[in-house]
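Student: Hey, dropping upload.cif in here, mmCIF, C-alpha atoms:
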data_coords
loop_
_atom_site.group_PDB
_atom_site.id
_atom_site.type_symbol
_atom_site.label_atom_id
_atom_site.label_comp_id
_atom_site.auth_asym_id
_atom_site.auth_seq_id
_atom_site.Cartn_x
_atom_site.Cartn_y
_atom_site.Cartn_z
ATOM 1 C CA MET A 136 163.461 90.091 104.713
ATOM 2 C CA PRO A 137 165.299 87.050 106.149
ATOM 3 C CA ILE A 138 167.466 84.972 103.824
ATOM 4 C CA PRO A 139 167.924 81.261 104.727
ATOM 5 C CA GLU A 140 171.491 80.223 105.461
ATOM 6 C CA ASP A 141 171.551 77.763 102.569
ATOM 7 C CA VAL A 142 171.038 80.570 100.025
ATOM 8 C CA THR A 143 174.384 81.850 98.740
ATOM 9 C CA GLY A 144 173.361 83.752 95.623
ATOM 10 C CA GLU A 145 175.429 81.430 93.452
ATOM 11 C CA GLU A 146 172.231 79.578 92.518
ATOM 12 C CA ILE A 147 171.164 82.193 89.984
ATOM 13 C CA ASP A 148 171.708 81.915 86.247
ATOM 14 C CA LYS A 149 175.194 82.826 85.056
ATOM 15 C CA ASP A 150 173.807 85.536 82.746
ATOM 16 C CA VAL A 151 172.166 87.210 85.744
ATOM 17 C CA ARG A 152 175.391 86.918 87.741
ATOM 18 C CA GLN A 153 177.161 88.622 84.875
ATOM 19 C CA GLU A 154 174.645 91.481 84.971
ATOM 20 C CA LEU A 155 175.248 91.908 88.687
ATOM 21 C CA GLN A 156 178.987 92.344 88.161
ATOM 22 C CA SER A 157 178.308 96.023 87.536
ATOM 23 C CA LEU A 158 177.494 96.336 91.253
ATOM 24 C CA PRO A 159 179.847 96.396 94.244
ATOM 25 C CA LYS A 160 180.572 92.838 95.357
ATOM 26 C CA THR A 161 178.642 92.895 98.651
ATOM 27 C CA LEU A 162 175.644 94.580 97.034
ATOM 28 C CA ALA A 163 175.704 92.099 94.158
ATOM 29 C CA GLU A 164 175.649 89.222 96.644
ATOM 30 C CA ASP A 165 172.661 90.691 98.504
ATOM 31 C CA VAL A 166 170.745 91.249 95.280
ATOM 32 C CA ALA A 167 171.559 87.738 94.065
ATOM 33 C CA LYS A 168 170.268 86.173 97.284
ATOM 34 C CA ASN A 169 166.984 88.074 97.016
ATOM 35 C CA LEU A 170 166.613 87.010 93.385
ATOM 36 C CA VAL A 171 167.165 83.391 94.424
ATOM 37 C CA MET A 172 164.357 83.759 96.961
ATOM 38 C CA VAL A 173 162.044 85.198 94.293
ATOM 39 C CA ALA A 174 162.687 82.201 92.036
ATOM 40 C CA ARG A 175 162.336 79.753 94.921
ATOM 41 C CA LEU A 176 159.018 81.107 96.219
ATOM 42 C CA ILE A 177 157.183 82.509 93.204
ATOM 43 C CA ASP A 178 155.086 79.361 92.699
ATOM 44 C CA GLU A 179 154.477 78.223 96.279
ATOM 45 C CA ASP A 180 154.342 81.612 98.028
ATOM 46 C CA PRO A 181 153.994 84.430 95.475
ATOM 47 C CA GLU A 182 153.331 87.050 98.143
ATOM 48 C CA ALA A 183 156.670 86.323 99.838
ATOM 49 C CA ALA A 184 158.395 86.257 96.436
ATOM 50 C CA TYR A 185 156.953 89.695 95.756
ATOM 51 C CA GLY A 186 158.449 90.974 99.018
ATOM 52 C CA TYR A 187 161.930 89.734 98.083
ATOM 53 C CA SER A 188 161.572 91.236 94.614
ATOM 54 C CA ARG A 189 160.863 94.646 96.129
ATOM 55 C CA VAL A 190 164.009 94.379 98.238
ATOM 56 C CA ALA A 191 166.063 93.545 95.142
ATOM 57 C CA LEU A 192 164.419 96.415 93.310
ATOM 58 C CA ARG A 193 165.360 98.902 96.042
ATOM 59 C CA LEU A 194 168.951 97.671 95.927
ATOM 60 C CA ALA A 195 169.483 97.536 92.155
ATOM 61 C CA SER A 196 166.711 99.069 90.088
ATOM 62 C CA ARG A 197 169.054 99.683 87.149
ATOM 63 C CA VAL A 198 169.697 95.970 86.583
ATOM 64 C CA ALA A 199 167.429 94.482 83.918
ATOM 65 C CA ALA A 200 167.261 91.059 85.591
ATOM 66 C CA VAL A 201 166.006 92.698 88.774
ATOM 67 C CA ARG A 202 163.299 94.594 86.899
ATOM 68 C CA GLU A 203 162.272 91.377 85.140
ATOM 69 C CA ALA A 204 162.113 89.430 88.416
ATOM 70 C CA ALA A 205 160.025 92.199 89.956
ATOM 71 C CA GLY A 206 157.740 92.007 86.947
ATOM 72 C CA PHE A 207 157.164 88.282 87.290
ATOM 73 C CA ALA A 208 156.595 88.598 91.043
ATOM 74 C CA GLY A 209 154.010 91.317 90.444
ATOM 75 C CA TYR A 210 152.406 89.219 87.708
ATOM 76 C CA ALA A 211 152.166 86.211 90.054
ATOM 77 C CA ASN A 212 150.329 88.432 92.548
ATOM 78 C CA GLN A 213 147.982 89.839 89.886
ATOM 79 C CA LYS A 214 149.553 93.291 90.228
ATOM 80 C CA TYR A 215 149.374 93.698 86.490
ATOM 81 C CA GLY A 216 150.042 97.434 86.348
ATOM 82 C CA GLU A 217 153.256 97.077 88.347
ATOM 83 C CA ALA A 218 154.281 94.000 86.382
ATOM 84 C CA LEU A 219 153.768 95.723 83.046
ATOM 85 C CA ALA A 220 155.842 98.720 84.145
ATOM 86 C CA GLU A 221 158.712 96.464 85.242
ATOM 87 C CA PHE A 222 158.589 94.386 82.055
ATOM 88 C CA ARG A 223 158.671 97.533 79.949
ATOM 89 C CA ALA A 224 161.677 98.791 81.889
ATOM 90 C CA ALA A 225 163.509 95.485 81.432
ATOM 91 C CA ARG A 226 162.780 95.495 77.702
ATOM 92 C CA ARG A 227 164.054 99.067 77.331
ATOM 93 C CA MET A 228 167.289 98.080 79.072
ATOM 94 C CA THR A 229 167.955 94.967 77.004
ATOM 95 C CA GLY A 230 166.015 95.381 73.773
ATOM 96 C CA ASN A 231 164.922 91.765 74.252
ATOM 97 C CA MET A 232 161.487 90.811 72.904
ATOM 98 C CA ASP A 233 161.021 87.683 75.058
ATOM 99 C CA LEU A 234 158.729 89.520 77.481
ATOM 100 C CA TRP A 235 156.288 90.623 74.765
ATOM 101 C CA PRO A 236 153.694 87.848 75.382
ATOM 102 C CA VAL A 237 153.585 88.308 79.159
ATOM 103 C CA MET A 238 153.332 92.076 78.664
ATOM 104 C CA ALA A 239 150.313 91.445 76.436
ATOM 105 C CA ASP A 240 148.824 89.191 79.105
ATOM 106 C CA CYS A 241 149.239 92.009 81.622
ATOM 107 C CA GLU A 242 147.083 94.111 79.315
ATOM 108 C CA ARG A 243 144.451 91.389 79.576
ATOM 109 C CA GLY A 244 144.779 91.433 83.348
ATOM 110 C CA LEU A 245 144.178 95.179 83.287
ATOM 111 C CA GLY A 246 140.945 94.644 81.353
ATOM 112 C CA ARG A 247 142.361 95.709 77.985
ATOM 113 C CA PRO A 248 142.040 92.648 75.715
ATOM 114 C CA GLU A 249 141.949 94.860 72.624
ATOM 115 C CA LYS A 250 145.438 96.101 73.479
ATOM 116 C CA ALA A 251 146.619 92.519 73.901
ATOM 117 C CA LEU A 252 145.303 91.702 70.423
ATOM 118 C CA ASP A 253 147.086 94.737 68.981
ATOM 119 C CA MET A 254 150.308 93.439 70.506
ATOM 120 C CA ALA A 255 149.639 89.972 69.045
ATOM 121 C CA GLY A 256 149.624 91.525 65.575
ATOM 122 C CA ALA A 257 152.667 93.732 66.098
ATOM 123 C CA PRO A 258 155.985 93.266 64.247
ATOM 124 C CA GLU A 259 157.668 92.376 67.552
ATOM 125 C CA VAL A 260 155.984 88.955 67.454
ATOM 126 C CA GLN A 261 158.077 87.978 64.425
ATOM 127 C CA LYS A 262 161.205 88.416 66.547
ATOM 128 C CA LEU A 263 160.039 85.819 69.079
ATOM 129 C CA ASP A 264 161.274 82.249 69.027
ATOM 130 C CA LYS A 265 158.805 79.405 68.476
ATOM 131 C CA ALA A 266 157.947 79.118 72.174
ATOM 132 C CA GLY A 267 157.307 82.858 72.381
ATOM 133 C CA GLN A 268 155.069 82.799 69.312
ATOM 134 C CA VAL A 269 153.023 79.956 70.779
ATOM 135 C CA GLU A 270 152.732 81.885 74.040
ATOM 136 C CA MET A 271 151.556 84.928 72.093
ATOM 137 C CA ARG A 272 148.930 82.785 70.375
ATOM 138 C CA LEU A 273 147.666 81.610 73.771
ATOM 139 C CA VAL A 274 147.421 85.188 75.009
ATOM 140 C CA ALA A 275 145.589 86.270 71.846
ATOM 141 C CA ALA A 276 143.099 83.422 72.216
ATOM 142 C CA GLY A 277 142.562 84.415 75.840
ATOM 143 C CA ALA A 278 141.895 87.988 74.754
ATOM 144 C CA ARG A 279 139.303 86.769 72.242
ATOM 145 C CA ARG A 280 137.568 84.839 75.016
ATOM 146 C CA ASP A 281 137.670 87.926 77.238
ATOM 147 C CA MET A 282 135.720 89.686 74.513
ATOM 148 C CA GLY A 283 133.197 86.836 74.197
ATOM 149 C CA GLN A 284 134.540 85.751 70.800
ATOM 150 C CA LEU A 285 134.691 81.999 71.410
ATOM 151 C CA ASP A 286 134.801 80.910 67.773
ATOM 152 C CA ALA A 287 137.607 83.378 67.079
ATOM 153 C CA ALA A 288 139.514 82.037 70.091
ATOM 154 C CA ILE A 289 139.241 78.506 68.692
ATOM 155 C CA VAL A 290 140.476 79.607 65.271
ATOM 156 C CA THR A 291 143.356 81.533 66.866
ATOM 157 C CA LEU A 292 144.632 78.357 68.515
ATOM 158 C CA GLN A 293 144.441 76.272 65.333
ATOM 159 C CA SER A 294 148.032 76.147 64.124
ATOM 160 C CA PRO A 295 150.778 73.779 62.939
ATOM 161 C CA GLU A 296 151.997 73.594 66.549
ATOM 162 C CA LEU A 297 148.581 72.364 67.683
ATOM 163 C CA ALA A 298 148.370 69.766 64.918
ATOM 164 C CA ALA A 299 151.920 68.460 65.402
ATOM 165 C CA ASN A 300 152.348 64.967 66.828
ATOM 166 C CA SER A 301 155.675 65.764 68.470
ATOM 167 C CA VAL A 302 155.579 66.933 72.082
ATOM 168 C CA GLN A 303 157.235 70.253 72.843
ATOM 169 C CA PRO A 304 157.356 72.220 76.127
ATOM 170 C CA TRP A 305 154.271 74.178 75.064
ATOM 171 C CA THR A 306 152.236 71.274 73.626
ATOM 172 C CA ALA A 307 150.217 70.386 76.740
ATOM 173 C CA ARG A 308 149.204 73.982 77.432
ATOM 174 C CA LEU A 309 148.282 74.627 73.814
ATOM 175 C CA ARG A 310 146.121 71.496 73.587
ATOM 176 C CA TYR A 311 144.552 72.286 76.961
ATOM 177 C CA ALA A 312 143.653 75.838 75.901
ATOM 178 C CA TYR A 313 142.119 74.492 72.693
ATOM 179 C CA ALA A 314 140.078 71.893 74.587
ATOM 180 C CA ASP A 315 138.900 74.493 77.071
ATOM 181 C CA ALA A 316 137.838 76.854 74.290
ATOM 182 C CA LEU A 317 135.942 74.050 72.550
ATOM 183 C CA LEU A 318 134.152 73.195 75.780
ATOM 184 C CA ALA A 319 133.227 76.831 76.367
ATOM 185 C CA ALA A 320 131.716 76.855 72.875
ATOM 186 C CA GLY A 321 129.615 73.783 73.691
ATOM 187 C CA ARG A 322 131.632 71.371 71.543
ATOM 188 C CA GLU A 323 131.985 68.740 74.254
ATOM 189 C CA THR A 324 132.963 65.735 72.144
ATOM 190 C CA GLU A 325 135.831 67.597 70.502
ATOM 191 C CA ALA A 326 136.814 69.077 73.852
ATOM 192 C CA ARG A 327 137.097 65.616 75.375
ATOM 193 C CA GLU A 328 139.346 64.501 72.523
ATOM 194 C CA TRP A 329 141.710 67.430 73.033
ATOM 195 C CA PHE A 330 141.778 67.139 76.815
ATOM 196 C CA ALA A 331 142.879 63.529 76.247
ATOM 197 C CA LYS A 332 145.608 64.743 73.894
ATOM 198 C CA ALA A 333 146.674 67.299 76.491
ATOM 199 C CA VAL A 334 146.982 64.522 79.075
ATOM 200 C CA GLU A 335 149.257 62.597 76.706
ATOM 201 C CA ALA A 336 151.568 65.592 76.377
ATOM 202 C CA ASP A 337 151.443 66.751 79.999
ATOM 203 C CA ARG A 338 154.417 64.850 81.348
ATOM 204 C CA ASP A 339 155.098 67.138 84.300
ATOM 205 C CA GLY A 340 151.517 67.833 85.399
ATOM 206 C CA SER A 341 151.543 71.487 84.337
ATOM 207 C CA THR A 342 147.783 71.400 83.653
ATOM 208 C CA ASP A 343 144.748 69.769 85.261
ATOM 209 C CA ALA A 344 143.811 68.133 81.960
ATOM 210 C CA SER A 345 143.396 64.708 83.577
ATOM 211 C CA ASP A 346 140.876 66.123 86.064
ATOM 212 C CA ARG A 347 138.964 67.893 83.311
ATOM 213 C CA LEU A 348 138.876 64.706 81.254
ATOM 214 C CA ALA A 349 137.611 62.690 84.221
ATOM 215 C CA GLU A 350 134.953 65.323 84.871
ATOM 216 C CA LEU A 351 133.698 65.032 81.294
ATOM 217 C CA ASP A 352 133.622 61.247 81.690
ATOM 218 C CA GLY A 353 131.595 61.541 84.882
ATOM 219 C CA VAL A 354 134.325 60.138 87.109
ATOM 220 C CA GLU A 355 134.323 61.338 90.709
ATOM 221 C CA PHE A 356 137.393 61.201 92.918
ATOM 222 C CA THR A 357 137.241 60.888 96.690
ATOM 223 C CA ASP A 358 139.924 62.640 98.696
ATOM 224 C CA ALA A 359 141.590 60.084 100.999
ATOM 225 C CA LEU A 360 142.277 62.805 103.548
ATOM 226 C CA ASP A 361 138.595 63.710 103.613
ATOM 227 C CA GLU A 362 137.720 60.038 104.138
ATOM 228 C CA THR A 363 140.143 59.851 107.065
ATOM 229 C CA ALA A 364 138.653 62.981 108.593
ATOM 230 C CA GLU A 365 135.129 61.625 108.179
ATOM 231 C CA THR A 366 136.140 58.329 109.824
ATOM 232 C CA ALA A 367 137.717 60.185 112.727
ATOM 233 C CA ASP A 368 134.583 62.295 113.149
ATOM 234 C CA ALA A 369 132.410 59.182 113.086
ATOM 235 C CA ASP A 370 134.619 57.475 115.679
ATOM 236 C CA GLU A 371 134.496 60.563 117.852
ATOM 237 C CA ASN A 372 130.719 60.701 117.585
ATOM 238 C CA ARG A 373 130.432 57.018 118.459
ATOM 239 C CA GLY A 374 132.783 57.542 121.383
ATOM 240 C CA GLY A 375 130.701 60.447 122.625
ATOM 241 C CA GLU A 376 127.509 58.423 122.307
ATOM 242 C CA GLU A 377 129.064 55.530 124.247
ATOM 243 C CA ASP A 378 130.205 57.922 126.978
ATOM 244 C CA ARG A 379 126.680 59.287 127.278
ATOM 245 C CA GLU A 380 125.244 55.752 127.501
ATOM 246 C CA ASP A 381 127.762 54.811 130.205
ATOM 247 C CA GLN A 382 126.861 57.931 132.162
ATOM 248 C CA GLU A 383 123.168 57.132 131.894
ATOM 249 C CA ASP A 384 123.819 53.542 133.130
ATOM 250 C CA ARG A 385 125.734 54.861 136.138
ATOM 251 C CA GLU A 386 122.918 57.290 136.959
ATOM 252 C CA ASP A 387 120.333 54.478 136.734
ATOM 253 C CA ARG A 388 122.384 52.292 139.088
ATOM 254 C CA VAL A 389 122.659 55.120 141.611
ATOM 255 C CA GLU A 390 118.903 55.674 141.488
ATOM 256 C CA ASP A 391 118.271 51.942 142.042
ATOM 257 C CA LYS A 392 120.523 51.920 145.078
ATOM 258 C CA VAL A 393 118.769 54.927 146.562
ATOM 259 C CA GLU A 394 115.377 53.279 146.071
ATOM 260 C CA ASP A 395 116.635 50.031 147.702
ATOM 261 C CA LYS A 396 117.824 51.925 150.765
ATOM 262 C CA GLY A 397 114.492 53.701 151.006
#
Could you express the structure from this file as structure tokens?
Tutor:
Amino acid sequence: MPIPEDVTGEEIDKDVRQELQSLPKTLAEDVAKNLVMVARLIDEDPEAAYGYSRVALRLASRVAAVREAAGFAGYANQKYGEALAEFRAARRMTGNMDLWPVMADCERGLGRPEKALDMAGAPEVQKLDKAGQVEMRLVAAGARRDMGQLDAAIVTLQSPELAANSVQPWTARLRYAYADALLAAGRETEAREWFAKAVEADRDGSTDASDRLAELDGVEFTDALDETAETADADENRGGEEDREDQEDREDRVEDKVEDKG
């Protein structure tokens, strides 16, 4: 797959560069460039990111960072079986537990919420940092909802992290998940309160909490682009109508002239 000229491979994390030092220099550079493309495209064009991840995987399947990148690219494309296999391989290579929550979410994606819940209760969770434990809680709550256990999902999300006033990287997503679970359970007033709290914490727009809050408040937004398109269509229709009227006037004048000559 083509690599843009501005991609050098130096953009990757220094820990990943260190991993790639086990490869011949030219090969390491090629792998690094493909990993940069995965990171660059995984949000805006996950299918393309997946393609670059497969190239990196063919070049260096024994590098843990490559297996991890391939896992995230598969996950972004809902290829949960592939993603889970790559995450497992990366974890075997490094012994790192950081991937445990996303592995559990892959189990959900494969239609195995019970397995995800088993993983949420496993000893490995205690080895996660605070962010990882919160992520595991979100996955567990999602698994409860998959199983139709809405009340259990709500209880799962109730935690010191949810109640804290300080804003952490996970705060907006945790509050949003709680609000969404409350709404699914028919507790609209509480849901509105927590969507509002999610908006307060969502400084980078990682959720659509503001839209959900507006929806609950009955606020409707009009897309300016749609308005422009509608105006253009209306102008075009008016223009077409005027053209037809002009044509009809010309035809009437021709008929009058013919009658006068007769």
Student: Suppose a student applies the PyMOL selection byres ((chain A and resi 326-336) around 12) to this structure; what residues should they get, written as a PyMOL selection string?
Tutor: chain A and resi 289+297-325+337-353
Student: Take the residues that were just selected and, keeping C-alpha atoms, output them as an mmCIF file, keeping the file's coordinate frame.
Tutor:
data_model
loop_
_atom_site.group_PDB
_atom_site.id
_atom_site.type_symbol
_atom_site.label_atom_id
_atom_site.label_comp_id
_atom_site.auth_asym_id
_atom_site.auth_seq_id
_atom_site.Cartn_x
_atom_site.Cartn_y
_atom_site.Cartn_z
ATOM 1 C CA ILE A 289 139.241 78.506 68.692
ATOM 2 C CA LEU A 297 148.581 72.364 67.683
ATOM 3 C CA ALA A 298 148.370 69.766 64.918
ATOM 4 C CA ALA A 299 151.920 68.460 65.402
ATOM 5 C CA ASN A 300 152.348 64.967 66.828
ATOM 6 C CA SER A 301 155.675 65.764 68.470
ATOM 7 C CA VAL A 302 155.579 66.933 72.082
ATOM 8 C CA GLN A 303 157.235 70.253 72.843
ATOM 9 C CA PRO A 304 157.356 72.220 76.127
ATOM 10 C CA TRP A 305 154.271 74.178 75.064
ATOM 11 C CA THR A 306 152.236 71.274 73.626
ATOM 12 C CA ALA A 307 150.217 70.386 76.740
ATOM 13 C CA ARG A 308 149.204 73.982 77.432
ATOM 14 C CA LEU A 309 148.282 74.627 73.814
ATOM 15 C CA ARG A 310 146.121 71.496 73.587
ATOM 16 C CA TYR A 311 144.552 72.286 76.961
ATOM 17 C CA ALA A 312 143.653 75.838 75.901
ATOM 18 C CA TYR A 313 142.119 74.492 72.693
ATOM 19 C CA ALA A 314 140.078 71.893 74.587
ATOM 20 C CA ASP A 315 138.900 74.493 77.071
ATOM 21 C CA ALA A 316 137.838 76.854 74.290
ATOM 22 C CA LEU A 317 135.942 74.050 72.550
ATOM 23 C CA LEU A 318 134.152 73.195 75.780
ATOM 24 C CA ALA A 319 133.227 76.831 76.367
ATOM 25 C CA ALA A 320 131.716 76.855 72.875
ATOM 26 C CA GLY A 321 129.615 73.783 73.691
ATOM 27 C CA ARG A 322 131.632 71.371 71.543
ATOM 28 C CA GLU A 323 131.985 68.740 74.254
ATOM 29 C CA THR A 324 132.963 65.735 72.144
ATOM 30 C CA GLU A 325 135.831 67.597 70.502
ATOM 31 C CA ASP A 337 151.443 66.751 79.999
ATOM 32 C CA ARG A 338 154.417 64.850 81.348
ATOM 33 C CA ASP A 339 155.098 67.138 84.300
ATOM 34 C CA GLY A 340 151.517 67.833 85.399
ATOM 35 C CA SER A 341 151.543 71.487 84.337
ATOM 36 C CA THR A 342 147.783 71.400 83.653
ATOM 37 C CA ASP A 343 144.748 69.769 85.261
ATOM 38 C CA ALA A 344 143.811 68.133 81.960
ATOM 39 C CA SER A 345 143.396 64.708 83.577
ATOM 40 C CA ASP A 346 140.876 66.123 86.064
ATOM 41 C CA ARG A 347 138.964 67.893 83.311
ATOM 42 C CA LEU A 348 138.876 64.706 81.254
ATOM 43 C CA ALA A 349 137.611 62.690 84.221
ATOM 44 C CA GLU A 350 134.953 65.323 84.871
ATOM 45 C CA LEU A 351 133.698 65.032 81.294
ATOM 46 C CA ASP A 352 133.622 61.247 81.690
ATOM 47 C CA GLY A 353 131.595 61.541 84.882
#
Student: Mind checking which residues fall within 7 Å of Ser188 in chain A, counting all atoms listed in the file, ignoring those fewer than 4 positions away in the same chain, and posting them as a ChimeraX atom specification?
Tutor: /A:169-170,173,184,192,204-205,208
Student: How far is it from CA of Lys250 in chain A to CA of Gly230 in chain A, in Å with one decimal?
Tutor: 20.6 Å
Student: Which neighbours of range 260-263 of chain A fall inside 12 Å, counting all atoms listed in the file, when residues of the same chain fewer than 6 positions from it are skipped, and could you give them as an MDAnalysis selection string?
Tutor: chainID A and resid 230:239 251:254 269:272 275
Student: Quick check, in Å to one decimal: how far apart do CA of Tyr215 in chain A and CA of Leu245 in chain A lie?
Tutor: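 Computed distance, CA of Tyr215 in chain A to CA of Leu245 in chain A, equals 6.3 Å.
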Student: Which residue, A:Asn212, A:Ser196, A:Thr161, A:Thr291, has the smallest gap to Ile177 in chain A when you use only C-alpha atoms?
Tutor: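 Ranked by minimum distance to Ile177 in chain A, first place goes to A:Asn212.
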Student: What does the PyMOL selection byres ((chain A and resi 223) around 9) select in this file, as number ranges by chain?
Tutor: A: 202-203, 206, 218-222, 224-228, 234-235, 238
Student: Find the spatial neighbours of Leu155 in chain A, counting only C-alpha atoms, within a cut-off of 12 Å - ignore same-chain residues fewer than 3 positions away - and output them as an MDAnalysis selection string.
Tutor: chainID A and resid 144:145 147:152 158:168 170 191 194:201
Student: Name every residue that the PyMOL selection byres ((chain A and resi 138) around 9) selects in this structure, writing the answer as a PyMOL selection string with chains first and numbers rising.
Tutor: chain A and resi 136-137+139-142+168-169+172
Student: Which centre and edge lengths in Å to one decimal define the box along x, y and z that fits every listed atom of range 228-234 of chain A plus 4 Å per side, as JSON?
Tutor:
{"center_x": 163.3, "center_y": 92.9, "center_z": 76.0, "size_x": 17.2, "size_y": 18.4, "size_z": 14.2}
Student: I'd like to know which of A:Val354, A:Ala211, A:Ala276, A:Val290 is closest to Asp178 in chain A, using all atoms listed in the file.
Tutor: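 Closest residue, counting all atoms listed in the file: A:Ala211.
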Student: Please indicate the distance in Å from CA of Gly277 in chain A to CA of Gly244 in chain A, rounded to one decimal place.
Tutor: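 One can read the CA of Gly277 in chain A to CA of Gly244 in chain A distance as 10.5 Å.
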Student: Take range 203-218 of chain A from the block and save it with N, CA, C and O atoms, as a CSV table (one decimal), in the first residue's frame.
Tutor:
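Printed below is decode.csv as written:
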chain,number,residue,atom,x,y,z
A,203,GLU,N,-0.3,-5.8,18.3
A,203,GLU,CA,-1.2,-5.0,19.0
A,203,GLU,C,-1.9,-4.0,18.0
A,203,GLU,O,-3.1,-3.8,18.0
A,204,ALA,N,-1.1,-3.4,17.1
A,204,ALA,CA,-1.7,-2.5,16.1
A,204,ALA,C,-2.7,-3.3,15.2
A,204,ALA,O,-3.8,-2.7,14.8
A,205,ALA,N,-2.3,-4.5,14.8
A,205,ALA,CA,-3.2,-5.3,14.0
A,205,ALA,C,-4.5,-5.6,14.7
A,205,ALA,O,-5.6,-5.6,14.2
A,206,GLY,N,-4.4,-5.8,16.1
A,206,GLY,CA,-5.6,-6.0,16.9
A,206,GLY,C,-6.5,-4.9,16.9
A,206,GLY,O,-7.7,-5.0,16.7
A,207,PHE,N,-5.9,-3.7,17.1
A,207,PHE,CA,-6.8,-2.5,17.2
A,207,PHE,C,-7.4,-2.2,15.8
A,207,PHE,O,-8.6,-1.7,15.7
A,208,ALA,N,-6.7,-2.4,14.7
A,208,ALA,CA,-7.2,-2.2,13.4
A,208,ALA,C,-8.4,-3.2,13.1
A,208,ALA,O,-9.4,-2.8,12.5
A,209,GLY,N,-8.2,-4.4,13.5
A,209,GLY,CA,-9.3,-5.4,13.4
A,209,GLY,C,-10.5,-5.0,14.2
A,209,GLY,O,-11.7,-5.1,13.8
A,210,TYR,N,-10.2,-4.6,15.4
A,210,TYR,CA,-11.3,-4.1,16.4
A,210,TYR,C,-12.1,-3.0,15.8
A,210,TYR,O,-13.3,-3.0,15.8
A,211,ALA,N,-11.4,-2.0,15.2
A,211,ALA,CA,-12.0,-0.9,14.6
A,211,ALA,C,-12.9,-1.2,13.4
A,211,ALA,O,-13.9,-0.5,13.0
A,212,ASN,N,-12.6,-2.4,12.8
A,212,ASN,CA,-13.4,-2.9,11.6
A,212,ASN,C,-14.4,-4.0,12.0
A,212,ASN,O,-14.9,-4.7,11.2
A,213,GLN,N,-14.6,-4.1,13.3
A,213,GLN,CA,-15.5,-5.1,13.9
A,213,GLN,C,-15.1,-6.6,13.5
A,213,GLN,O,-16.0,-7.4,13.5
A,214,LYS,N,-13.8,-6.8,13.3
A,214,LYS,CA,-13.3,-8.1,13.0
A,214,LYS,C,-12.8,-8.7,14.4
A,214,LYS,O,-11.6,-8.8,14.6
A,215,TYR,N,-13.8,-9.0,15.2
A,215,TYR,CA,-13.5,-9.2,16.6
A,215,TYR,C,-12.7,-10.5,16.8
A,215,TYR,O,-11.9,-10.6,17.7
A,216,GLY,N,-12.9,-11.5,16.0
A,216,GLY,CA,-12.2,-12.8,16.2
A,216,GLY,C,-10.7,-12.5,15.9
A,216,GLY,O,-9.8,-13.0,16.6
A,217,GLU,N,-10.4,-11.8,14.8
A,217,GLU,CA,-9.0,-11.5,14.4
A,217,GLU,C,-8.4,-10.6,15.5
A,217,GLU,O,-7.3,-10.8,15.9
A,218,ALA,N,-9.1,-9.6,15.9
A,218,ALA,CA,-8.6,-8.7,16.9
A,218,ALA,C,-8.2,-9.4,18.2
A,218,ALA,O,-7.2,-9.2,18.8
